[in-house]
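Data file: upload_24.csv. Format and content: CSV, C-alpha atoms.
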```csv
chain,number,residue,atom,x,y,z
B,70,MET,CA,137.5,-39.9,-46.0
B,71,ARG,CA,136.7,-36.3,-45.2
B,72,TYR,CA,133.1,-36.9,-46.1
B,73,ARG,CA,132.8,-39.9,-43.8
B,74,ALA,CA,134.4,-37.9,-41.0
B,75,PHE,CA,131.9,-35.1,-41.6
B,76,VAL,CA,128.9,-37.5,-41.5
B,77,VAL,CA,130.2,-39.1,-38.3
B,78,LEU,CA,130.7,-35.7,-36.7
B,79,VAL,CA,127.2,-34.5,-37.6
B,80,THR,CA,125.6,-37.8,-36.4
B,81,ALA,CA,127.4,-37.6,-33.1
B,82,PHE,CA,126.3,-33.9,-32.7
B,83,PHE,CA,122.6,-34.8,-33.2
B,84,VAL,CA,122.8,-37.8,-31.0
B,85,THR,CA,124.3,-35.8,-28.2
B,86,MET,CA,121.8,-33.0,-28.6
B,87,ASN,CA,118.9,-35.4,-28.5
B,88,VAL,CA,120.2,-37.1,-25.3
B,89,LEU,CA,120.7,-33.7,-23.6
B,90,LEU,CA,117.2,-32.6,-24.7
B,91,TRP,CA,115.7,-35.9,-23.5
B,92,ARG,CA,117.4,-35.5,-20.1
B,93,ALA,CA,116.2,-31.9,-19.8
B,94,GLU,CA,112.6,-32.9,-20.6
B,95,PHE,CA,112.3,-36.2,-18.8
B,96,GLY,CA,115.2,-36.2,-16.4
B,97,ALA,CA,115.3,-33.2,-14.2
B,98,ARG,CA,111.7,-32.3,-14.7
B,99,THR,CA,110.3,-35.7,-13.8
B,100,HIS,CA,112.4,-36.4,-10.9
B,101,LEU,CA,110.2,-37.7,-8.1
B,102,GLY,CA,109.1,-34.8,-5.9
B,103,THR,CA,110.5,-32.0,-8.1
B,104,PRO,CA,108.3,-28.9,-7.7
B,105,VAL,CA,106.3,-27.7,-10.6
B,106,PRO,CA,104.5,-24.4,-10.9
B,107,ALA,CA,100.9,-25.1,-10.1
B,108,GLU,CA,99.7,-22.8,-12.9
B,109,VAL,CA,101.5,-25.1,-15.4
B,110,VAL,CA,99.6,-28.1,-14.2
B,111,TRP,CA,96.3,-26.3,-14.1
B,112,GLU,CA,96.9,-25.1,-17.6
B,113,LYS,CA,97.3,-28.7,-18.7
B,114,ALA,CA,94.1,-29.7,-16.9
B,115,LEU,CA,92.1,-26.7,-18.3
B,116,THR,CA,93.2,-27.5,-21.9
B,117,SER,CA,92.9,-31.3,-21.7
B,118,PRO,CA,91.3,-32.8,-24.8
B,119,ASP,CA,90.0,-35.8,-22.8
B,120,THR,CA,86.9,-36.1,-20.7
B,121,SER,CA,87.7,-37.6,-17.3
B,122,PHE,CA,85.1,-40.2,-16.2
B,123,LEU,CA,85.4,-40.8,-12.5
B,124,GLU,CA,84.2,-43.4,-10.0
B,125,ILE,CA,83.4,-42.0,-6.6
B,126,LYS,CA,84.1,-44.1,-3.4
B,127,HIS,CA,83.6,-43.3,0.2
B,128,ARG,CA,85.8,-45.4,2.5
B,129,GLY,CA,86.3,-48.0,-0.2
B,130,VAL,CA,82.6,-48.3,-1.1
B,131,LYS,CA,81.4,-47.0,-4.5
B,132,ILE,CA,78.8,-44.3,-4.0
B,133,GLY,CA,78.5,-42.6,-7.4
B,134,THR,CA,80.0,-41.4,-10.6
B,135,ALA,CA,81.1,-38.1,-12.1
B,136,HIS,CA,82.8,-36.7,-15.2
B,137,CYS,CA,84.9,-33.6,-15.8
B,138,VAL,CA,85.2,-31.7,-19.0
B,139,ALA,CA,87.5,-28.8,-19.8
B,140,ASN,CA,86.9,-26.3,-22.6
B,141,ILE,CA,88.9,-23.4,-24.1
B,142,GLY,CA,87.2,-20.1,-25.0
B,143,GLU,CA,88.4,-18.7,-28.3
B,144,GLU,CA,87.4,-15.9,-30.6
B,145,LEU,CA,88.6,-14.5,-33.8
B,146,ALA,CA,91.0,-11.5,-33.8
B,147,THR,CA,88.0,-9.4,-35.1
B,148,GLY,CA,86.1,-10.1,-31.9
B,149,ARG,CA,83.6,-12.6,-33.4
B,150,PHE,CA,83.2,-15.8,-31.4
B,151,MET,CA,84.3,-19.1,-32.9
B,152,THR,CA,81.7,-21.4,-34.3
B,153,ASP,CA,81.8,-25.0,-35.5
B,154,GLU,CA,82.6,-23.7,-39.0
B,155,ALA,CA,86.2,-23.3,-40.1
B,156,PRO,CA,87.4,-19.6,-39.7
B,157,PRO,CA,88.3,-17.7,-42.8
B,158,GLU,CA,91.8,-18.3,-44.1
B,159,GLY,CA,94.3,-16.1,-42.4
B,160,MET,CA,92.2,-15.3,-39.3
B,161,ILE,CA,93.9,-15.6,-36.0
B,162,LYS,CA,92.3,-17.3,-32.9
B,163,ARG,CA,92.6,-15.5,-29.6
B,164,LEU,CA,92.3,-17.2,-26.2
B,165,THR,CA,89.5,-15.6,-24.1
B,166,GLY,CA,89.4,-18.0,-21.1
B,167,TYR,CA,88.7,-21.4,-19.8
B,168,SER,CA,85.7,-23.3,-18.4
B,169,LEU,CA,85.4,-26.5,-16.4
B,170,ASP,CA,82.3,-28.6,-16.1
B,171,PHE,CA,82.0,-31.2,-13.3
B,172,ASP,CA,78.8,-33.2,-12.7
B,173,GLY,CA,77.6,-36.5,-11.4
B,174,ASN,CA,75.4,-38.3,-8.9
B,175,VAL,CA,76.0,-39.8,-5.4
B,176,SER,CA,74.1,-42.2,-3.2
B,177,LEU,CA,74.7,-41.8,0.6
B,178,GLU,CA,73.5,-44.1,3.4
B,179,ASP,CA,71.5,-41.4,5.2
B,180,LEU,CA,70.2,-39.6,2.1
B,181,SER,CA,68.5,-40.4,-1.2
B,182,ARG,CA,70.5,-40.1,-4.4
B,183,PHE,CA,71.6,-36.6,-5.1
B,184,ARG,CA,72.9,-35.0,-8.3
B,185,PHE,CA,75.3,-32.2,-8.6
B,186,TYR,CA,76.5,-29.9,-11.4
B,187,PHE,CA,79.4,-27.4,-11.1
B,188,ASN,CA,80.7,-25.0,-13.8
B,189,LEU,CA,83.7,-22.7,-13.4
B,190,LYS,CA,84.8,-20.0,-15.8
B,191,LEU,CA,88.2,-18.4,-15.6
B,192,ASP,CA,90.0,-15.7,-17.5
B,193,THR,CA,93.3,-16.2,-19.4
B,194,ASN,CA,95.2,-15.6,-16.1
B,195,GLN,CA,93.3,-18.4,-14.4
B,196,ASN,CA,91.3,-16.0,-12.2
B,197,TRP,CA,87.8,-17.1,-11.7
B,198,GLN,CA,85.1,-15.0,-13.3
B,199,ALA,CA,81.9,-17.0,-12.7
B,200,LEU,CA,80.8,-20.2,-11.1
B,201,SER,CA,77.5,-22.1,-10.9
B,202,LEU,CA,76.6,-25.0,-8.5
B,203,LYS,CA,73.4,-27.0,-8.5
B,204,VAL,CA,72.6,-29.8,-6.0
B,205,THR,CA,69.4,-31.8,-6.2
B,206,VAL,CA,68.2,-34.0,-3.4
B,207,LYS,CA,64.5,-34.6,-4.0
B,208,PRO,CA,62.4,-32.8,-3.2
B,209,PHE,CA,65.0,-30.1,-2.5
B,210,SER,CA,67.1,-28.2,-5.1
B,211,TRP,CA,69.9,-25.7,-4.4
B,212,GLU,CA,71.4,-23.4,-7.0
B,213,ILE,CA,74.3,-20.9,-6.6
B,214,HIS,CA,75.5,-18.5,-9.2
B,215,ALA,CA,78.4,-16.2,-8.5
B,216,SER,CA,80.1,-13.4,-10.5
B,217,ALA,CA,83.5,-12.0,-9.7
B,218,PRO,CA,83.1,-8.9,-11.9
B,219,GLU,CA,79.7,-8.0,-10.5
B,220,GLN,CA,80.7,-9.0,-6.9
B,221,ILE,CA,77.4,-10.8,-6.3
B,222,VAL,CA,76.1,-14.3,-5.5
B,223,ARG,CA,72.6,-15.4,-6.5
B,224,TYR,CA,71.0,-18.4,-4.9
B,225,LEU,CA,67.8,-20.3,-5.5
B,226,ILE,CA,66.2,-22.9,-3.1
B,227,GLU,CA,63.3,-24.9,-4.3
B,228,ASP,CA,61.1,-27.8,-3.0
B,229,ASP,CA,57.6,-29.1,-3.6
B,230,GLU,CA,56.1,-26.2,-1.5
B,231,GLU,CA,58.1,-23.1,-2.1
B,232,LYS,CA,60.7,-21.4,-4.1
B,233,LYS,CA,63.1,-18.9,-2.6
B,234,GLU,CA,65.6,-16.7,-4.5
B,235,ARG,CA,68.0,-14.0,-3.2
B,236,THR,CA,71.0,-12.1,-4.4
B,237,LEU,CA,73.9,-11.4,-2.0
B,238,THR,CA,76.9,-9.1,-2.3
B,239,PHE,CA,80.4,-10.3,-1.5
B,240,ALA,CA,80.3,-8.1,1.6
B,241,GLU,CA,77.3,-10.0,3.0
B,242,LEU,CA,79.2,-13.3,2.6
B,243,ARG,CA,81.5,-12.3,5.4
B,244,ASN,CA,79.1,-13.9,7.8
B,245,PRO,CA,79.3,-17.5,6.6
B,246,ASP,CA,77.3,-19.0,9.4
B,247,LYS,CA,74.2,-16.9,8.6
B,248,VAL,CA,74.5,-17.4,4.9
B,249,MET,CA,75.0,-21.2,5.0
B,250,ARG,CA,72.0,-21.7,7.3
B,251,GLU,CA,69.9,-19.4,5.1
B,252,LEU,CA,71.0,-21.3,1.9
B,253,GLY,CA,70.5,-24.8,3.2
B,254,GLY,CA,67.7,-24.4,5.8
B,255,PRO,CA,67.3,-27.3,8.2
B,256,ALA,CA,68.6,-29.9,5.7
B,257,LEU,CA,72.1,-28.4,5.3
B,258,PRO,CA,73.6,-29.5,8.7
B,259,ALA,CA,72.6,-33.1,8.0
B,260,ILE,CA,74.1,-33.0,4.6
B,261,LEU,CA,77.4,-31.5,5.8
B,262,ALA,CA,77.6,-33.9,8.7
B,263,THR,CA,77.1,-36.9,6.3
B,264,LEU,CA,79.9,-35.6,4.1
B,265,GLY,CA,82.1,-35.1,7.2
B,266,LEU,CA,82.3,-31.3,6.7
B,267,PRO,CA,81.7,-28.7,9.4
B,268,LEU,CA,79.2,-25.9,9.2
B,269,PRO,CA,81.3,-22.7,8.8
B,270,GLN,CA,81.4,-20.4,11.7
B,271,ALA,CA,81.7,-16.6,11.7
B,272,GLY,CA,85.2,-15.5,11.3
B,273,PRO,CA,87.4,-12.8,9.8
B,274,PRO,CA,86.0,-10.9,6.8
B,275,SER,CA,87.5,-12.9,4.0
B,276,LEU,CA,86.0,-14.2,0.8
B,277,ALA,CA,88.8,-16.5,-0.1
B,278,LEU,CA,89.0,-20.2,0.9
B,279,GLY,CA,92.7,-19.8,1.3
B,280,LEU,CA,93.5,-22.5,-1.2
B,281,GLN,CA,97.3,-22.5,-1.9
B,282,TRP,CA,98.0,-25.2,-4.5
B,283,GLU,CA,101.4,-26.9,-4.6
B,284,ALA,CA,102.4,-29.1,-7.5
B,285,ARG,CA,105.1,-31.7,-7.9
B,286,ASN,CA,106.1,-34.5,-10.2
B,287,ASP,CA,105.0,-37.9,-8.8
B,288,ARG,CA,104.3,-41.5,-9.7
B,289,LEU,CA,100.9,-43.2,-9.4
B,290,LYS,CA,100.6,-47.0,-9.2
B,291,VAL,CA,98.4,-48.5,-11.8
B,292,GLY,CA,98.2,-52.2,-11.5
B,293,SER,CA,101.8,-53.4,-11.2
B,294,ASN,CA,103.2,-50.3,-13.0
B,295,LEU,CA,104.1,-46.8,-11.9
B,296,ILE,CA,103.1,-44.0,-14.3
B,297,ARG,CA,104.3,-40.4,-14.4
B,298,VAL,CA,101.8,-37.9,-13.0
B,299,TYR,CA,101.6,-34.4,-11.6
B,300,ARG,CA,100.4,-34.1,-8.0
B,301,LEU,CA,98.4,-31.0,-7.0
B,302,GLU,CA,97.8,-30.5,-3.3
B,303,ALA,CA,96.0,-27.9,-1.2
B,304,ARG,CA,94.5,-27.4,2.3
B,305,LEU,CA,90.8,-26.8,2.7
B,306,PHE,CA,89.8,-24.4,5.5
B,307,ASP,CA,93.4,-24.9,6.9
B,308,ARG,CA,92.3,-28.3,8.2
B,309,TYR,CA,91.5,-30.7,5.3
B,310,LYS,CA,93.7,-31.8,2.5
B,311,ALA,CA,92.7,-32.2,-1.2
B,312,VAL,CA,95.0,-34.1,-3.6
B,313,ILE,CA,94.6,-34.3,-7.4
B,314,PHE,CA,96.7,-36.5,-9.7
B,315,VAL,CA,96.9,-35.2,-13.3
B,316,SER,CA,98.3,-37.0,-16.3
B,317,PRO,CA,101.0,-35.3,-18.4
B,318,VAL,CA,98.2,-34.3,-20.9
B,319,GLY,CA,96.0,-32.9,-18.3
B,320,GLU,CA,93.5,-35.7,-17.7
B,321,ILE,CA,92.2,-36.1,-14.1
B,322,LEU,CA,93.4,-39.6,-12.9
B,323,ARG,CA,92.6,-39.5,-9.2
B,324,VAL,CA,91.2,-37.1,-6.6
B,325,GLU,CA,91.5,-37.6,-2.8
B,326,LEU,CA,89.2,-35.6,-0.6
B,327,PRO,CA,88.5,-35.4,3.2
B,328,ASP,CA,86.7,-38.3,5.0
B,329,GLU,CA,88.3,-40.9,2.6
B,330,ILE,CA,86.3,-39.7,-0.5
B,331,VAL,CA,88.3,-40.9,-3.5
B,332,MET,CA,87.5,-40.3,-7.2
B,333,THR,CA,89.3,-42.6,-9.7
B,334,ASN,CA,89.4,-42.4,-13.4
B,335,ASP,CA,87.5,-45.2,-15.1
B,336,ALA,CA,90.6,-46.0,-17.2
B,337,LEU,CA,92.5,-46.9,-14.1
B,338,THR,CA,89.6,-48.9,-12.4
B,339,ASN,CA,89.3,-51.1,-15.4
B,340,LEU,CA,93.0,-52.2,-15.4
```
Rewrite the coordinates I just gave you, this time as structure tokens.
Amino acid sequence: MRYRAFVVLVTAFFVTMNVLLWRAEFGARTHLGTPVPAEVVWEKALTSPDTSFLEIKHRGVKIGTAHCVANIGEELATGRFMTDEAPPEGMIKRLTGYSLDFDGNVSLEDLSRFRFYFNLKLDTNQNWQALSLKVTVKPFSWEIHASAPEQIVRYLIEDDEEKKERTLTFAELRNPDKVMRELGGPALPAILATLGLPLPQAGPPSLALGLQWEARNDRLKVGSNLIRVYRLEARLFDRYKAVIFVSPVGEILRVELPDEIVMTNDALTNL
């Protein structure tokens, strides 16, 4: 009798603890609209094991495709970088940073098809260290490479007739109107107008875009079902809004940008 009472007591204890843990994990945390630290959501996105394949639409019309890949930088405790080979037994991996690759192609009504490639490198505190952007609209090609530690930006403009390359300091970037016109030449205003974006004007000396990300638990409708997601939201240039829906494991499910540009994960479009 004592043994049976002991078993019942232990069973009740574990059932109660599991219910409480479940409520702590999926109850309070996943309540619709509950704030979540943006760094936590970005950590999930930057360490996601899945590649996000996205369909790009502009005002409901498909205009292109893209895919996003996150990678983790690691090295051995001795300082040697990790390779595809298994590390020696007992060696400890150390996180060195993150990288995010985003590339795709878009066809616009007033322009021929253009391709883009974007790479972002961050340190372990999610501070950007380097970024690269390349946009190709034949016969034009624009490349930008920026380094936070070196405080410089290098750009390359190329077409069938000439190739222009220049390096700017962060201090020189405080005049955005001059820099953007120099970067894009006569074609840039048309491209920005097509995308519904204004040409930056001269303003206060600031190098930041002023992006303040806010994150919340949310639900995203997929077919006839609602699935749990994280919602990241920020204002662009204090005027435009960007929203990113991230799955619990960090996969990009949906991106909403200004001028009704929407990117949707292929896994959702096929449902």
Which of B:Asn294, B:Thr165, B:Gln281, B:Asn174 sits closest to Thr193 (chain B) [using only C-alpha atoms]: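 Using only C-alpha atoms, the shortest distance to Thr193 (chain B) belongs to B:Thr165.
In this comparison, which uses all atoms listed in the file, the residue of B:Pro118, B:Pro317, B:Gly102, B:Gly173 approaching His136 (chain B) most closely is B:Gly173.
The shortest atom-to-atom distance to Cys137 (chain B), with all atoms listed in the file taken into account, belongs to B:Leu115 out of B:Ala199, B:Ala215, B:Leu191, B:Leu115.
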Spatial neighbours of Asn339 (chain B), max dist 12 Å, only C-alpha atoms, sep filter under 3 positions, as a list in words: Phe122, Leu123, Glu124, Val291, Gly292, Thr333, Asn334, Asp335 and Ala336 of chain B
Pairwise distance for CA of Arg182 (chain B) and CA of Thr236 (chain B), rounded to one decimal in Å: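 Those two atoms sit 28.0 Å apart.
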Nearest to Thr134 (chain B) by atom-to-atom distance, counting only C-alpha atoms, from B:Arg163, B:Ser176, B:Arg308, B:Leu169: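 Closest candidate: B:Ser176.
With CA of Ser168 (chain B) on one side and CA of Ser210 (chain B) on the other, the separation reads 23.4 Å.
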Computed interatomic separation between CA of Arg285 (chain B) and CA of Gln195 (chain B) (Å):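 CA of Gln195 (chain B) lies 18.9 Å from CA of Arg285 (chain B).
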Shortest interatomic distance to Val298 (chain B) - which of B:Arg184, B:Arg223, B:Arg323, B:Arg235, counting only C-alpha atoms: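 Smallest separation from Val298 (chain B) among the options: B:Arg323.
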Pick from B:Ile125, B:Met332, B:Leu337, B:Val312, whichever lies nearest to Leu295 (chain B) using only C-alpha atoms: B:Leu337
Spatial neighbours of Tyr186 (chain B), 8 Å, all atoms listed in the file, chain gap at least 3 places, as a PyMOL selection string: chain B and resi 170-173+201-204
Sel. within 7 Å of pt (104.1, -37.6, -15.7), counting all atoms listed in the file, output as a ChimeraX atom specification: /B:99,286-287,296-299,316-317
